[in-house]
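Enquirer: Have a look at this one.
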Amino acid sequence: MNADKSLIQRRFTHALSSYEAAARMQAEVAETLLAGVAATLPRLKPGTALEIGCATGILTEKIVARWPGLARLVVCDLVPGFAACIAAKSPNWPLVPAFLSGDIEELPIPGQFDCILSSSTLQWVHDFPALAAKLARHLNPGGILAIALYGPDNFYEIRELTGSGLSYLSLAELQDILARHFQILLAREQRSQLHFASPLDLLRHLRDTGVNALRSPAGWTKGRLARFAEAYQAHFAENGGVRLTAHPLYLVAQKNGQTAP
């Protein structure tokens with residue numbers, strides 16, 4: 001299933017005040033992504049960078065800490081309200097990012113960059129091959145693409161019970177797409193378990209992080225919600241609560257035929 005971009009925008013707008021505190025998985029994924037970049041390219045010192053899907057600035061904070069010498073940082077997000085979150089944090093940063101609001105698949109990208117990064121965002125795009133080609137065009141010679149997104153086992157428990165879920169690309173499929181424009185420097189995947197006291201706590205977490213941006217085929221009536229909770233408890237109980245699987249994928253790639261900055 002392709003994501004409804006208007007629904008994504010509404011769900012994440014609703015989660016503006018709760019996202020930062022609830023997004024513990026997203027924070028871990030962002031940290032792991034930058035650690036992978038540092039291990040793969042320890043001498044990388046980009047002068048310009050673009051971040052796709054900045055949200056409240058979880059990855060953005062790590063970018064400016066990692067590369068305090070950045071001369072230009074552009075961040076973008078589908079949700080205009082996240083601009084205020086970035087503005088509230090940026091007085092403590094060595095530079096003020098420029099914020100762009102819009103869908104990265106349609107948004108004109110302003111200029112060229114040494115590095116393009118994205119964490120916990122690109123699983124929502126409709127046409128990843130077209131986006132990969134677009135990003136390659138906006139990377140300078142030697143430019144680096146570093147992304148973290150989610151794979152086919154992500155939230156599989158919910159998909160099993162509801163029949164609803166994103167059409168995730170596998171790590172192998174992503175590598176094949178990126179290899180048309182980039183040399184793959186790092187490709188790895190993880191599977192981890194998130195734990196919640198109950199199925200309803202799990203659903204509240206998804207609401208608070210905005211990632212409930214898929215339409216239930218039948219809608220969430222009170223009765224269907226109760227049946228979902230009962231089935232989830234029966235099938236996925238663990239350690240006195242319930243589990244939810246996360247399947248993050250990490251890729252670092254260099255624009256073909258060049259040397260990294």
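Chain labels run A, B, ... following the order of the structure tokens; each chain numbers its residues from 1, and ligands are numbered from 1 in the order shown.
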Within 10 Å of range 171-180 of chain A, counting only C-alpha atoms, which residues show up once you throw out same-chain ones fewer than 4 positions away? Write them as a list in words, please.
Expert: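 Here the answer would be Phe128, Pro129, Ala130, Ala132, Ala133, Ala136, Leu145, Leu149, Tyr150, Gly151, Pro152, Ile184, Leu186, Ala187, Arg188, Glu189, Pro248, Leu249, Tyr250, Leu251, Val252, Ala253, Gln254, Lys255 and Asn256 of chain A.
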Enquirer: Using only C-alpha atoms, which protein or nucleic acid residues come within 10 Å of His205 in chain A? Drop anything in the same chain fewer than 4 positions from it, and give the result as a PyMOL selection string.
Expert: chain A and resi 18-19+22-23+196+199-201+209-212
Enquirer: Residues at most 8 Å from Asp103 in chain A, counting only C-alpha atoms, excluding those fewer than 2 positions away in the same chain, as a list in words?
Expert: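 In the requested form, the answer reads Asp77, Leu78, Ser101, Glu105, Glu106 and Leu107 of chain A.
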Enquirer: Put those residues in a file: C-alpha atoms, as a PDB file, in the first residue's frame.
Expert:
ATOM      1  CA  ASP A  77       9.637  18.158   5.958  1.00  0.00           C
ATOM      2  CA  LEU A  78       6.152  17.491   4.672  1.00  0.00           C
ATOM      3  CA  SER A 101       8.124  22.594   3.604  1.00  0.00           C
ATOM      4  CA  GLU A 105       9.266  13.826  -4.365  1.00  0.00           C
ATOM      5  CA  GLU A 106       7.796  17.053  -5.783  1.00  0.00           C
ATOM      6  CA  LEU A 107       9.726  19.810  -4.005  1.00  0.00           C
TER       7      LEU A 107
END
Enquirer: Might you pull out every residue within 8 Å of range 46-49 of chain A, with only C-alpha atoms counted and same-chain residues fewer than 6 positions away left off, and present them as an MDAnalysis selection string?
Expert: chainID A and resid 67 69:74 113:117 261
Enquirer: If we count only C-alpha atoms, what is near His247 in chain A at a cut-off of 12 Å, once residues fewer than 2 positions away on the same chain are taken out, given as number ranges by chain?
Expert: A: 25-26, 29, 120, 123, 148-157, 168-171, 188-194, 244-245, 249-250
Enquirer: Among the residues of range 53-238 of chain A, find those DSSP assigns to alpha helix (DSSP H) from the backbone and print them as a count of residues only.
Expert: 68
